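Source file coords-v7.cif; content: mmCIF, C-alpha atoms.
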data_target
#
loop_
_atom_site.label_atom_id
_atom_site.label_comp_id
_atom_site.auth_asym_id
_atom_site.auth_seq_id
_atom_site.Cartn_x
_atom_site.Cartn_y
_atom_site.Cartn_z
CA MET M 1 18.51 -56.37 -32.04
CA LYS M 2 15.64 -57.10 -34.41
CA LYS M 3 12.78 -58.95 -32.77
CA ARG M 4 11.52 -61.90 -34.82
CA GLU M 5 7.79 -62.09 -35.35
CA PHE M 6 6.28 -65.47 -34.46
CA LYS M 7 4.29 -67.09 -37.23
CA LEU M 8 2.51 -70.43 -37.12
CA SER M 9 3.99 -71.27 -40.52
CA HIS M 10 7.49 -71.15 -38.96
CA VAL M 11 6.61 -74.24 -36.91
CA LEU M 12 3.91 -75.98 -38.97
CA LYS M 13 5.66 -76.14 -42.31
CA GLY M 14 3.96 -77.50 -45.38
CA ASP M 15 0.28 -77.29 -46.25
CA LEU M 16 -1.49 -75.26 -43.54
CA TRP M 17 -4.96 -76.65 -44.34
CA LEU M 18 -3.58 -80.18 -44.08
CA TRP M 19 -2.16 -79.26 -40.69
CA LEU M 20 -5.55 -78.02 -39.51
CA VAL M 21 -7.27 -81.24 -40.62
CA VAL M 22 -4.66 -83.43 -38.90
CA MET M 23 -4.91 -81.45 -35.67
CA ALA M 24 -8.71 -81.70 -35.78
CA LEU M 25 -8.53 -85.48 -36.22
CA MET M 26 -6.04 -85.78 -33.34
CA LEU M 27 -8.25 -83.71 -31.04
CA ILE M 28 -11.23 -85.89 -31.95
CA SER M 29 -9.04 -88.91 -31.20
CA LEU M 30 -8.26 -87.68 -27.68
CA VAL M 31 -11.91 -87.03 -26.89
CA ALA M 32 -13.22 -90.23 -28.47
CA VAL M 33 -10.60 -92.53 -26.94
CA TYR M 34 -11.05 -90.98 -23.50
CA SER M 35 -14.78 -91.63 -23.79
CA THR M 36 -14.49 -95.25 -24.99
CA ILE M 37 -11.37 -96.74 -23.47
CA GLY M 38 -12.81 -98.23 -20.26
CA LEU M 39 -13.54 -101.89 -21.02
CA GLN M 40 -10.64 -102.25 -23.47
CA ALA M 41 -8.14 -100.99 -20.88
CA VAL M 42 -9.29 -103.36 -18.15
CA THR M 43 -9.89 -106.55 -20.16
CA LYS M 44 -7.12 -106.36 -22.78
CA ALA M 45 -4.45 -103.93 -21.60
CA TYR M 46 -4.76 -105.00 -17.93
CA THR M 47 -4.50 -101.43 -16.70
CA THR M 48 -6.71 -98.56 -15.65
CA PRO M 49 -8.62 -96.45 -18.22
CA TRP M 50 -6.70 -93.33 -17.21
CA ARG M 51 -3.29 -94.97 -17.72
CA ALA M 52 -4.40 -96.37 -21.06
CA PHE M 53 -5.63 -92.95 -22.16
CA THR M 54 -2.41 -91.27 -20.99
CA ARG M 55 -0.43 -93.74 -23.08
CA HIS M 56 -2.60 -92.99 -26.10
CA ALA M 57 -2.22 -89.24 -25.55
CA LEU M 58 1.56 -89.72 -25.47
CA TYR M 59 1.43 -91.50 -28.83
CA VAL M 60 -0.64 -88.64 -30.25
CA VAL M 61 1.97 -86.12 -29.08
CA VAL M 62 4.81 -88.24 -30.48
CA ALA M 63 3.01 -88.53 -33.83
CA PHE M 64 2.49 -84.75 -33.93
CA VAL M 65 6.15 -84.03 -33.14
CA GLU M 66 7.11 -86.63 -35.75
CA ILE M 67 5.12 -84.77 -38.42
CA VAL M 68 6.75 -81.45 -37.44
CA ALA M 69 10.22 -83.00 -37.65
CA LEU M 70 9.66 -84.78 -40.96
CA ALA M 71 8.10 -81.70 -42.55
CA ASN M 72 11.48 -79.97 -42.12
CA MET M 73 13.35 -82.77 -43.89
CA ASN M 74 14.07 -83.14 -47.59
CA TYR M 75 11.58 -85.75 -48.76
CA ARG M 76 14.05 -87.00 -51.40
CA VAL M 77 15.96 -88.72 -48.60
CA PHE M 78 13.14 -91.27 -48.40
CA SER M 79 13.63 -92.14 -52.05
CA LYS M 80 17.27 -93.00 -51.36
CA VAL M 81 16.53 -95.17 -48.31
CA SER M 82 13.25 -96.70 -49.55
CA ARG M 83 14.94 -99.88 -50.80
CA LEU M 84 16.60 -100.48 -47.42
CA LEU M 85 13.33 -99.74 -45.61
CA TYR M 86 11.51 -102.18 -47.89
CA VAL M 87 14.00 -104.97 -47.13
CA ILE M 88 13.72 -104.25 -43.39
CA SER M 89 9.92 -104.35 -43.58
CA LEU M 90 10.04 -107.75 -45.31
CA ALA M 91 12.42 -109.05 -42.65
CA LEU M 92 10.05 -107.88 -39.90
CA LEU M 93 7.08 -109.54 -41.63
CA VAL M 94 8.99 -112.81 -41.91
CA ALA M 95 10.02 -112.57 -38.25
CA VAL M 96 6.47 -111.99 -37.01
CA MET M 97 5.24 -114.84 -39.20
CA VAL M 98 7.79 -117.20 -37.61
CA LEU M 99 6.86 -115.99 -34.13
CA GLY M 100 3.14 -116.20 -34.85
CA GLY M 101 0.50 -113.49 -34.48
CA ARG M 102 0.58 -109.88 -35.67
CA TRP M 103 2.77 -108.27 -33.04
CA MET M 104 6.45 -108.15 -32.12
CA GLU M 105 7.90 -107.11 -28.80
CA ILE M 106 10.86 -104.76 -28.40
CA PRO M 107 12.34 -104.34 -24.92
CA VAL M 108 11.50 -100.96 -23.32
CA VAL M 109 9.64 -99.79 -26.47
CA GLY M 110 6.92 -102.44 -26.26
CA GLN M 111 4.77 -104.07 -28.95
CA PHE M 112 4.58 -102.97 -32.56
CA GLN M 113 2.83 -104.27 -35.70
CA PRO M 114 5.14 -104.85 -38.71
CA SER M 115 2.24 -104.74 -41.19
CA GLU M 116 1.62 -101.07 -40.29
CA ILE M 117 5.24 -100.32 -41.15
CA ALA M 118 5.18 -102.39 -44.34
CA LYS M 119 2.17 -100.71 -45.95
CA VAL M 120 3.69 -97.20 -45.66
CA VAL M 121 7.17 -98.33 -46.73
CA LEU M 122 5.74 -100.14 -49.76
CA VAL M 123 4.21 -96.90 -51.10
CA LEU M 124 7.61 -95.20 -50.72
CA PHE M 125 9.47 -97.98 -52.53
CA LEU M 126 6.92 -98.27 -55.34
CA SER M 127 7.01 -94.51 -55.87
CA ARG M 128 10.79 -94.61 -56.06
CA GLN M 129 10.80 -97.51 -58.56
CA ILE M 130 8.29 -95.75 -60.81
CA ALA M 131 10.10 -92.41 -60.56
CA VAL M 132 13.51 -93.80 -61.58
CA ASN M 133 12.10 -95.99 -64.37
CA ARG M 134 9.88 -93.49 -66.19
CA ASP M 135 11.19 -94.58 -69.59
CA ILE M 136 9.94 -98.19 -69.23
CA LEU M 137 6.54 -97.70 -67.57
CA ASP M 138 4.74 -99.33 -70.52
CA GLU M 139 6.84 -102.48 -70.50
CA LYS M 140 5.24 -105.67 -69.23
CA ALA M 141 8.47 -106.88 -67.60
CA PHE M 142 8.62 -103.75 -65.44
CA PHE M 143 4.99 -104.17 -64.44
CA TYR M 144 5.74 -107.75 -63.36
CA GLN M 145 8.65 -106.46 -61.27
CA LEU M 146 6.28 -104.11 -59.46
CA LEU M 147 3.79 -106.94 -58.91
CA ILE M 148 6.53 -109.03 -57.30
CA VAL M 149 7.41 -106.13 -54.98
CA VAL M 150 3.75 -105.77 -53.95
CA GLY M 151 3.16 -109.53 -53.79
CA LEU M 152 6.00 -110.13 -51.34
CA SER M 153 4.64 -107.62 -48.82
CA ALA M 154 0.97 -108.51 -49.30
CA GLY M 155 1.69 -112.25 -49.22
CA LEU M 156 3.57 -112.02 -45.92
CA ILE M 157 0.78 -109.92 -44.37
CA LEU M 158 -2.07 -112.15 -45.63
CA PRO M 159 -1.86 -115.12 -43.22
CA GLU M 160 -2.72 -112.95 -40.21
CA ASN M 161 -4.42 -109.92 -41.75
CA PHE M 162 -6.50 -110.28 -44.91
CA SER M 163 -7.85 -106.70 -44.85
CA THR M 164 -4.41 -105.06 -44.53
CA SER M 165 -3.11 -107.27 -47.33
CA ALA M 166 -6.04 -106.18 -49.52
CA LEU M 167 -5.46 -102.53 -48.59
CA VAL M 168 -1.78 -102.81 -49.51
CA ILE M 169 -2.64 -104.25 -52.94
CA VAL M 170 -5.32 -101.67 -53.73
CA ALA M 171 -3.16 -98.72 -52.62
CA SER M 172 -0.21 -100.08 -54.63
CA LEU M 173 -2.27 -100.46 -57.80
CA MET M 174 -3.52 -96.89 -57.33
CA VAL M 175 0.09 -95.68 -57.08
CA MET M 176 0.87 -97.49 -60.34
CA LEU M 177 -2.18 -95.97 -62.02
CA ILE M 178 -1.32 -92.44 -60.85
CA GLY M 179 2.34 -92.96 -61.75
CA GLY M 180 1.59 -93.71 -65.40
CA VAL M 181 2.27 -97.45 -65.44
CA ASN M 182 0.50 -99.14 -68.38
CA THR M 183 -3.20 -98.50 -67.64
CA ARG M 184 -4.42 -101.73 -69.24
CA TYR M 185 -2.10 -103.87 -67.08
CA VAL M 186 -3.18 -102.07 -63.90
CA LEU M 187 -6.93 -102.25 -64.63
CA VAL M 188 -6.75 -105.94 -65.54
CA SER M 189 -4.85 -106.59 -62.31
CA MET M 190 -7.51 -104.72 -60.34
CA GLY M 191 -10.18 -106.95 -61.87
CA VAL M 192 -8.20 -110.11 -61.10
CA VAL M 193 -7.54 -109.00 -57.51
CA LEU M 194 -11.24 -108.21 -57.00
CA ALA M 195 -12.29 -111.60 -58.36
CA LEU M 196 -9.72 -113.43 -56.24
CA GLY M 197 -10.73 -111.48 -53.14
CA VAL M 198 -14.43 -112.21 -53.55
CA GLY M 199 -13.69 -115.85 -54.35
CA PHE M 200 -11.48 -116.24 -51.30
CA LEU M 201 -14.09 -114.69 -49.01
CA ALA M 202 -16.72 -117.02 -50.49
CA TYR M 203 -14.41 -119.97 -49.80
CA SER M 204 -13.83 -118.69 -46.26
CA SER M 205 -17.58 -118.57 -45.70
CA HIS M 206 -17.88 -122.14 -47.00
CA VAL M 207 -15.13 -123.31 -44.63
CA TYR M 208 -16.82 -121.58 -41.69
CA HIS M 209 -20.17 -123.23 -42.41
CA GLN M 210 -18.46 -126.60 -42.76
CA GLN M 211 -16.84 -126.15 -39.36
CA GLN M 212 -20.19 -125.21 -37.83
CA ARG M 213 -21.82 -128.34 -39.26
CA GLU M 214 -19.04 -130.46 -37.83
CA LEU M 215 -19.42 -128.79 -34.44
CA ALA M 216 -23.17 -129.51 -34.52
CA ALA M 217 -22.35 -133.16 -35.21
CA GLY M 218 -20.01 -133.25 -32.21
CA VAL M 219 -16.80 -133.12 -34.23
CA TYR M 220 -14.39 -130.18 -33.96
CA ASN M 221 -12.05 -129.61 -36.86
CA LYS M 222 -9.72 -126.76 -36.06
CA ASP M 223 -8.15 -126.85 -39.51
CA ALA M 224 -11.33 -126.83 -41.57
CA SER M 225 -9.48 -124.99 -44.34
CA HIS M 226 -7.18 -128.02 -44.78
CA GLY M 227 -4.00 -126.10 -44.06
CA LEU M 228 -4.71 -123.13 -46.33
CA LEU M 229 -4.70 -120.34 -43.73
CA GLU M 230 -5.35 -120.54 -40.01
CA ARG M 231 -7.66 -117.52 -39.95
CA THR M 232 -9.86 -118.65 -42.85
CA THR M 233 -12.74 -119.56 -40.55
CA THR M 234 -12.46 -116.17 -38.80
CA TRP M 235 -12.90 -114.33 -42.09
CA GLY M 236 -15.70 -116.68 -43.05
CA HIS M 237 -17.47 -115.94 -39.76
CA ARG M 238 -17.13 -112.19 -40.36
CA VAL M 239 -18.64 -112.47 -43.84
CA ASP M 240 -21.47 -114.67 -42.56
CA SER M 241 -22.21 -112.27 -39.67
CA TRP M 242 -22.39 -109.41 -42.15
CA LEU M 243 -24.61 -111.20 -44.68
CA ASN M 244 -26.82 -112.93 -42.10
CA PRO M 245 -26.78 -110.81 -38.93
CA ASN M 246 -28.52 -112.19 -35.85
CA PRO M 247 -30.13 -109.19 -34.11
CA ASP M 248 -30.49 -111.14 -30.87
CA GLU M 249 -26.76 -111.83 -30.60
CA LEU M 250 -24.60 -109.43 -28.57
CA THR M 251 -21.78 -108.94 -31.10
CA GLN M 252 -19.48 -106.02 -31.79
CA GLU M 253 -21.26 -105.42 -35.09
CA ASN M 254 -24.73 -105.33 -33.53
CA MET M 255 -23.61 -103.03 -30.73
CA ALA M 256 -22.04 -100.70 -33.30
CA ARG M 257 -25.33 -100.61 -35.23
CA MET M 258 -27.20 -99.82 -32.02
CA ALA M 259 -24.73 -97.04 -31.26
CA VAL M 260 -25.32 -95.51 -34.71
CA ALA M 261 -29.10 -95.88 -34.38
CA SER M 262 -29.24 -94.32 -30.91
CA GLY M 263 -27.10 -91.32 -31.92
CA GLY M 264 -29.79 -89.66 -34.00
CA PHE M 265 -28.71 -86.42 -35.66
CA PHE M 266 -27.12 -84.59 -32.72
CA GLY M 267 -26.05 -87.55 -30.54
CA VAL M 268 -26.43 -88.36 -26.86
CA GLY M 269 -23.53 -86.13 -25.82
CA VAL M 270 -19.81 -86.70 -25.37
CA GLY M 271 -19.17 -89.15 -22.54
CA ASN M 272 -22.74 -90.46 -22.51
CA THR M 273 -22.11 -93.54 -24.64
CA VAL M 274 -23.84 -96.76 -23.58
CA GLN M 275 -22.50 -99.19 -26.18
CA ALA M 276 -18.84 -98.37 -25.55
CA ARG M 277 -19.22 -99.69 -21.99
CA LEU M 278 -19.96 -103.14 -23.46
CA MET M 279 -17.64 -103.25 -26.50
CA SER M 280 -14.07 -104.52 -26.38
CA GLU M 281 -13.09 -102.67 -29.59
CA ALA M 282 -14.95 -99.40 -29.02
CA ASP M 283 -11.72 -97.39 -28.96
CA ASN M 284 -10.30 -99.05 -32.04
CA ASP M 285 -12.17 -100.81 -34.86
CA PHE M 286 -15.60 -99.36 -33.98
CA ILE M 287 -14.67 -95.92 -32.69
CA TYR M 288 -16.55 -94.24 -35.55
CA ALA M 289 -19.81 -95.83 -34.35
CA ILE M 290 -19.26 -94.36 -30.88
CA ILE M 291 -18.46 -90.95 -32.38
CA ILE M 292 -21.86 -91.10 -34.12
CA GLU M 293 -23.56 -92.28 -30.92
CA GLU M 294 -22.15 -89.34 -28.95
CA SER M 295 -22.18 -86.58 -31.59
CA GLY M 296 -24.87 -87.91 -33.92
CA MET M 297 -24.91 -88.11 -37.69
CA LEU M 298 -23.71 -84.49 -37.66
CA GLY M 299 -20.48 -85.57 -35.97
CA GLY M 300 -20.15 -88.54 -38.31
CA ILE M 301 -20.54 -86.30 -41.35
CA ILE M 302 -17.94 -83.88 -40.02
CA VAL M 303 -15.41 -86.69 -39.54
CA LEU M 304 -16.15 -88.02 -43.04
CA PHE M 305 -15.72 -84.51 -44.46
CA LEU M 306 -12.36 -84.14 -42.68
CA TYR M 307 -11.04 -87.29 -44.39
CA ILE M 308 -12.37 -86.18 -47.78
CA PHE M 309 -10.72 -82.78 -47.31
CA PHE M 310 -7.51 -84.48 -46.15
CA PHE M 311 -7.47 -86.57 -49.32
CA ALA M 312 -8.17 -83.52 -51.50
CA ARG M 313 -5.25 -81.62 -49.94
CA CYS M 314 -2.91 -84.59 -50.50
CA LEU M 315 -3.90 -84.63 -54.17
CA ARG M 316 -3.32 -80.87 -54.35
CA VAL M 317 0.16 -81.31 -52.88
CA SER M 318 0.76 -84.05 -55.45
CA ARG M 319 -0.34 -81.86 -58.38
CA ARG M 320 1.78 -78.90 -57.27
CA CYS M 321 4.96 -80.90 -56.72
CA LYS M 322 7.38 -80.76 -59.65
CA GLY M 323 9.32 -83.83 -58.49
CA PHE M 324 7.84 -87.11 -59.74
CA PHE M 325 8.72 -89.06 -56.61
CA GLY M 326 7.22 -86.43 -54.31
CA SER M 327 4.09 -86.23 -56.42
CA LEU M 328 3.61 -90.01 -56.32
CA VAL M 329 4.31 -90.33 -52.60
CA SER M 330 1.80 -87.61 -51.70
CA ALA M 331 -0.95 -89.13 -53.81
CA GLY M 332 -0.11 -92.71 -52.79
CA LEU M 333 0.02 -92.15 -49.04
CA GLY M 334 -3.05 -89.91 -49.16
CA THR M 335 -4.97 -92.57 -51.09
CA MET M 336 -3.96 -95.31 -48.67
CA ILE M 337 -5.03 -93.30 -45.60
CA PHE M 338 -8.33 -92.31 -47.22
CA ILE M 339 -9.20 -95.87 -48.29
CA GLN M 340 -8.44 -97.16 -44.79
CA ALA M 341 -10.67 -94.47 -43.26
CA VAL M 342 -13.54 -95.29 -45.62
CA VAL M 343 -13.23 -99.02 -44.86
CA ASN M 344 -13.27 -98.41 -41.10
CA MET M 345 -16.29 -96.13 -41.32
CA GLY M 346 -18.06 -98.60 -43.60
CA VAL M 347 -17.57 -101.37 -41.05
CA ALA M 348 -18.81 -99.18 -38.19
CA VAL M 349 -22.12 -98.42 -39.92
CA GLY M 350 -22.62 -101.99 -41.16
CA ALA M 351 -21.88 -101.34 -44.84
CA LEU M 352 -18.88 -103.70 -44.83
CA PRO M 353 -17.93 -106.85 -42.89
CA VAL M 354 -15.51 -106.49 -39.99
CA THR M 355 -11.96 -105.94 -41.23
CA GLY M 356 -9.93 -104.91 -38.19
CA GLN M 357 -8.76 -101.69 -39.86
CA THR M 358 -8.31 -98.73 -37.52
CA LEU M 359 -9.59 -95.21 -38.18
CA PRO M 360 -6.41 -93.29 -39.17
CA LEU M 361 -5.23 -90.68 -36.65
CA ILE M 362 -8.27 -91.34 -34.42
CA SER M 363 -8.31 -94.96 -33.21
CA ARG M 364 -6.22 -95.91 -30.20
CA GLY M 365 -2.95 -97.51 -31.12
CA GLY M 366 0.81 -97.21 -31.02
CA THR M 367 2.33 -98.45 -34.28
CA ALA M 368 -0.65 -97.27 -36.32
CA LEU M 369 -0.46 -93.72 -34.97
CA ILE M 370 3.31 -93.50 -35.34
CA MET M 371 3.18 -94.74 -38.95
CA MET M 372 0.31 -92.41 -39.79
CA GLY M 373 2.45 -89.58 -38.39
CA PHE M 374 5.32 -90.80 -40.56
CA ALA M 375 3.12 -90.79 -43.67
CA VAL M 376 1.64 -87.34 -43.00
CA GLY M 377 5.10 -85.98 -42.19
CA ILE M 378 6.42 -87.04 -45.60
CA ILE M 379 3.42 -85.45 -47.33
CA GLN M 380 4.07 -82.21 -45.43
CA SER M 381 7.74 -82.41 -46.38
CA VAL M 382 6.71 -82.54 -50.05
CA ALA M 383 4.33 -79.60 -49.52
CA TYR M 384 7.03 -77.52 -47.77
CA ASP M 385 9.58 -78.22 -50.49
CA THR M 386 7.02 -77.29 -53.15
CA ASN M 387 6.27 -74.03 -51.33
CA LYS M 388 9.99 -73.18 -51.28
CA VAL M 389 10.35 -73.91 -55.00
CA GLU M 390 7.31 -71.77 -55.84
CA ARG M 391 8.56 -68.90 -53.67
CA ALA M 392 12.00 -69.10 -55.33
CA ASP M 393 10.35 -69.02 -58.77
CA GLU M 394 8.28 -65.99 -57.76
CA ASP M 395 11.39 -64.22 -56.43
CA ARG M 396 13.24 -64.88 -59.70
CA LYS M 397 10.29 -63.59 -61.72
CA GLN M 398 10.04 -60.50 -59.52
CA LYS M 399 13.77 -59.78 -59.82
CA SER M 400 13.62 -60.32 -63.57
CA LYS M 401 10.68 -57.95 -63.81
CA GLU M 402 12.48 -55.30 -61.74
CA PHE M 403 15.60 -55.70 -63.88
CA MET M 404 13.62 -55.26 -67.10
CA GLU M 405 11.91 -52.17 -65.67
CA THR M 406 15.30 -50.73 -64.70
CA VAL M 407 16.64 -51.38 -68.21
CA ALA M 408 13.55 -49.78 -69.75
CA VAL M 409 13.95 -46.66 -67.58
CA ALA M 410 17.65 -46.45 -68.49
CA ASN M 411 16.85 -46.75 -72.21
CA GLU M 412 14.24 -44.02 -71.97
CA SER M 413 16.73 -41.79 -70.16
CA ASN M 414 19.40 -42.41 -72.82
CA ASN M 415 16.91 -41.71 -75.60
CA GLY M 416 15.95 -38.44 -73.92
CA THR M 417 19.60 -37.37 -73.58
CA THR M 418 20.28 -38.18 -77.24
CA ALA M 419 17.30 -36.13 -78.41
CA THR M 420 18.44 -33.09 -76.37
CA ASN M 421 21.97 -33.23 -77.84
CA GLU M 422 20.55 -33.30 -81.33
#
Could you render the structure as structure tokens?
Amino acid sequence: MKKREFKLSHVLKGDLWLWLVVMALMLISLVAVYSTIGLQAVTKAYTTPWRAFTRHALYVVVAFVEIVALANMNYRVFSKVSRLLYVISLALLVAVMVLGGRWMEIPVVGQFQPSEIAKVVLVLFLSRQIAVNRDILDEKAFFYQLLIVVGLSAGLILPENFSTSALVIVASLMVMLIGGVNTRYVLVSMGVVLALGVGFLAYSSHVYHQQQRELAAGVYNKDASHGLLERTTTWGHRVDSWLNPNPDELTQENMARMAVASGGFFGVGVGNTVQARLMSEADNDFIYAIIIEESGMLGGIIVLFLYIFFFARCLRVSRRCKGFFGSLVSAGLGTMIFIQAVVNMGVAVGALPVTGQTLPLISRGGTALIMMGFAVGIIQSVAYDTNKVERADEDRKQKSKEFMETVAVANESNNGTTATNE
């Protein structure tokens, strides 16, 4: 009986370099979360740090297995079910809006965040719509249809999560741009979205300052935004804290800046963080700051490089794929993950106001990790399918070449026989 040789590519199918990047990010996640999870576990999860870390490690393993499983699937299946998934995601967003907050509870499974599901599903559905309507990409009516699709998801996410809503819109417009939708329509929409976003944040800041003046006068107005959005003052406070930081105030942002400053170039060493012992979001929104504190700017640069390389590999998978849907999905999901990573890192170093976005594949979380695994798994499925197509093409070319060589040899032999007879 022939003994089969074990190869890593038999298990980790798809783009091997992408696999290596993902595994590196997951290993960093385990180390960073273990180092930072203390206060968060006790004050918010009401458990011990070890139990909280074990739960996170389980999610990491599940996400990894999920990627392995999805890489073996035909990615075209997700084109067929994308419409159903989109409708389900909208239903979940409506449900969580009715219930209030960002989370939903499922018995046994636990809490999950519908917005994390919606942003990945939206990229799938948009890619499918563009792929099956390639003959009308320049038409304004089709562009409006896509805007409605994006607007429904982003609009349902907005009341509780401005940053995720903005991320969904930006990633969607990038998918349209990559997919060949009328460039002028997309660029104009980007400008309009940017103007509306800046204007809304300015209004939020105004509402926050108005509330503070009323508080100083002894009057508390909970709805200072006059019914617009409940979290308007929260966003206004975040913008104000970013533009006018108070160095004497013990805020998450200031502690993150201190963590970055104290890290130097080589860091204070893994497990020696000081700021993470005081921060409630050290294992989530500000985990990149703690990575820099412990491993220095060198560690921060390495993490940044990993995300840049991840994005580059996704674009390479997209370029190699001959299927339009697969090409769009790879580029779209890769873009979304990369933008989210850049936003999180920008917040951690003080370049952006607090957004609440996690660091993909590193921050502690359940739904976020599972959905990131789902996204990466689809990209790897596209890569694996592309590899198979390329190998099949090479085999056909090789067989064709061998056939032509055989014919040439036969012709030469026949010519030789004919000359001898003459």
For this session: Name the residues captured by the PyMOL selection byres ((chain M and resi 312) around 12) when it is applied to the shown file; answer as a PyMOL selection string.
Result: chain M and resi 15+17-18+21+305-311+313-319+330-331+334-335+337-338
For this session: Rank nothing, just name the residue among M:Ile362, M:Cys321, M:Ile290, M:Leu328 nearest to M:Gly267, using all atoms listed in the file.
Result: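 Closest to M:Gly267 of all the choices is M:Ile290.
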Problem set entry | Test item: residues at most 12 Å from stretch 182-194 of chain M, all atoms listed in the file, excluding those fewer than 4 positions along its chain, as a PyMOL selection string | chain M and resi 130+134-144+146-147+151+154+165-178+198-201
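Atom CA of M:Ser82 lies 7.3 Å from atom CA of M:Arg128.
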Problem set entry | Counting only C-alpha atoms, the residue of M:Pro49, M:Pro353, M:Pro159, M:Gly263 that sits nearest M:Leu93 |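 With only C-alpha atoms as the atom set, the closest residue is M:Pro159.
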For this session: Go through the shown structure with the PyMOL selection byres ((chain M and resi 365) around 8) and write out the matching residues as an NGL selection string.
Result: :M and (56 or 59 or 284 or 363-364 or 366-369)
For this session: Quote the spacing between atom CA of M:Leu84 and atom CA of M:Ala63 in Å to one decimal place.
Result: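 Computing it gives 22.6 Å between the two atoms.
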Problem set entry | Å distance separating atom CA of M:Leu304 from atom CA of M:Val349, one decimal place |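 Answer for the atom CA of M:Leu304 to atom CA of M:Val349 separation: 12.4 Å.
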Problem set entry | M:Val31 environment, 12 Å, all atoms listed in the file, sequence neighbours closer than 5 positions dropped, as a list of chain:residue names | M:Ala24, M:Leu25, M:Met26, M:Thr36, M:Ile37, M:Phe53, M:Thr54, M:His56, M:Ala57, M:Val60, M:Gly269, M:Val270, M:Gly271, M:Asp283, M:Ile287, M:Ile290, M:Ile291, M:Glu294, M:Ser295, M:Ile362, M:Ser363, M:Arg364
Identify the residues around (-19.8, -103.0, -37.3) within a radius of 9 Å, measuring from all atoms listed in the file in the coordinates stated by the file, and give them as a PDB file with C-alpha atoms, keeping the file's coordinate frame.
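Everything below was put into selection.pdb:
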ATOM      1  CA  TRP M 242     -22.390-109.410 -42.150  1.00  0.00           C
ATOM      2  CA  THR M 251     -21.780-108.940 -31.100  1.00  0.00           C
ATOM      3  CA  GLN M 252     -19.480-106.020 -31.790  1.00  0.00           C
ATOM      4  CA  GLU M 253     -21.260-105.420 -35.090  1.00  0.00           C
ATOM      5  CA  ASN M 254     -24.730-105.330 -33.530  1.00  0.00           C
ATOM      6  CA  MET M 255     -23.610-103.030 -30.730  1.00  0.00           C
ATOM      7  CA  ALA M 256     -22.040-100.700 -33.300  1.00  0.00           C
ATOM      8  CA  ARG M 257     -25.330-100.610 -35.230  1.00  0.00           C
ATOM      9  CA  ASP M 285     -12.170-100.810 -34.860  1.00  0.00           C
ATOM     10  CA  PHE M 286     -15.600 -99.360 -33.980  1.00  0.00           C
ATOM     11  CA  ALA M 289     -19.810 -95.830 -34.350  1.00  0.00           C
ATOM     12  CA  ASN M 344     -13.270 -98.410 -41.100  1.00  0.00           C
ATOM     13  CA  MET M 345     -16.290 -96.130 -41.320  1.00  0.00           C
ATOM     14  CA  GLY M 346     -18.060 -98.600 -43.600  1.00  0.00           C
ATOM     15  CA  VAL M 347     -17.570-101.370 -41.050  1.00  0.00           C
ATOM     16  CA  ALA M 348     -18.810 -99.180 -38.190  1.00  0.00           C
ATOM     17  CA  VAL M 349     -22.120 -98.420 -39.920  1.00  0.00           C
ATOM     18  CA  GLY M 350     -22.620-101.990 -41.160  1.00  0.00           C
ATOM     19  CA  ALA M 351     -21.880-101.340 -44.840  1.00  0.00           C
ATOM     20  CA  LEU M 352     -18.880-103.700 -44.830  1.00  0.00           C
ATOM     21  CA  PRO M 353     -17.930-106.850 -42.890  1.00  0.00           C
ATOM     22  CA  VAL M 354     -15.510-106.490 -39.990  1.00  0.00           C
TER      23      VAL M 354
END
Generate N, CA and C atoms for stretch 135-143 of chain M and emit them as a CSV table (one decimal), in the frame of the given file.
chain,number,residue,atom,x,y,z
M,135,ASP,N,11.1,-94.3,-68.2
M,135,ASP,CA,11.2,-94.6,-69.6
M,135,ASP,C,10.7,-96.0,-69.9
M,136,ILE,N,10.4,-96.8,-68.9
M,136,ILE,CA,9.9,-98.2,-69.2
M,136,ILE,C,8.6,-98.5,-68.6
M,137,LEU,N,7.8,-97.5,-68.3
M,137,LEU,CA,6.5,-97.7,-67.6
M,137,LEU,C,5.5,-98.5,-68.4
M,138,ASP,N,5.7,-98.6,-69.7
M,138,ASP,CA,4.7,-99.3,-70.5
M,138,ASP,C,5.1,-100.8,-70.7
M,139,GLU,N,6.3,-101.1,-70.3
M,139,GLU,CA,6.8,-102.5,-70.5
M,139,GLU,C,6.2,-103.5,-69.5
M,140,LYS,N,5.9,-104.6,-70.0
M,140,LYS,CA,5.2,-105.7,-69.2
M,140,LYS,C,6.2,-106.2,-68.2
M,141,ALA,N,7.5,-106.3,-68.5
M,141,ALA,CA,8.5,-106.9,-67.6
M,141,ALA,C,8.6,-106.0,-66.4
M,142,PHE,N,8.5,-104.7,-66.6
M,142,PHE,CA,8.6,-103.8,-65.4
M,142,PHE,C,7.4,-103.9,-64.6
M,143,PHE,N,6.2,-104.0,-65.2
M,143,PHE,CA,5.0,-104.2,-64.4
M,143,PHE,C,5.1,-105.4,-63.6
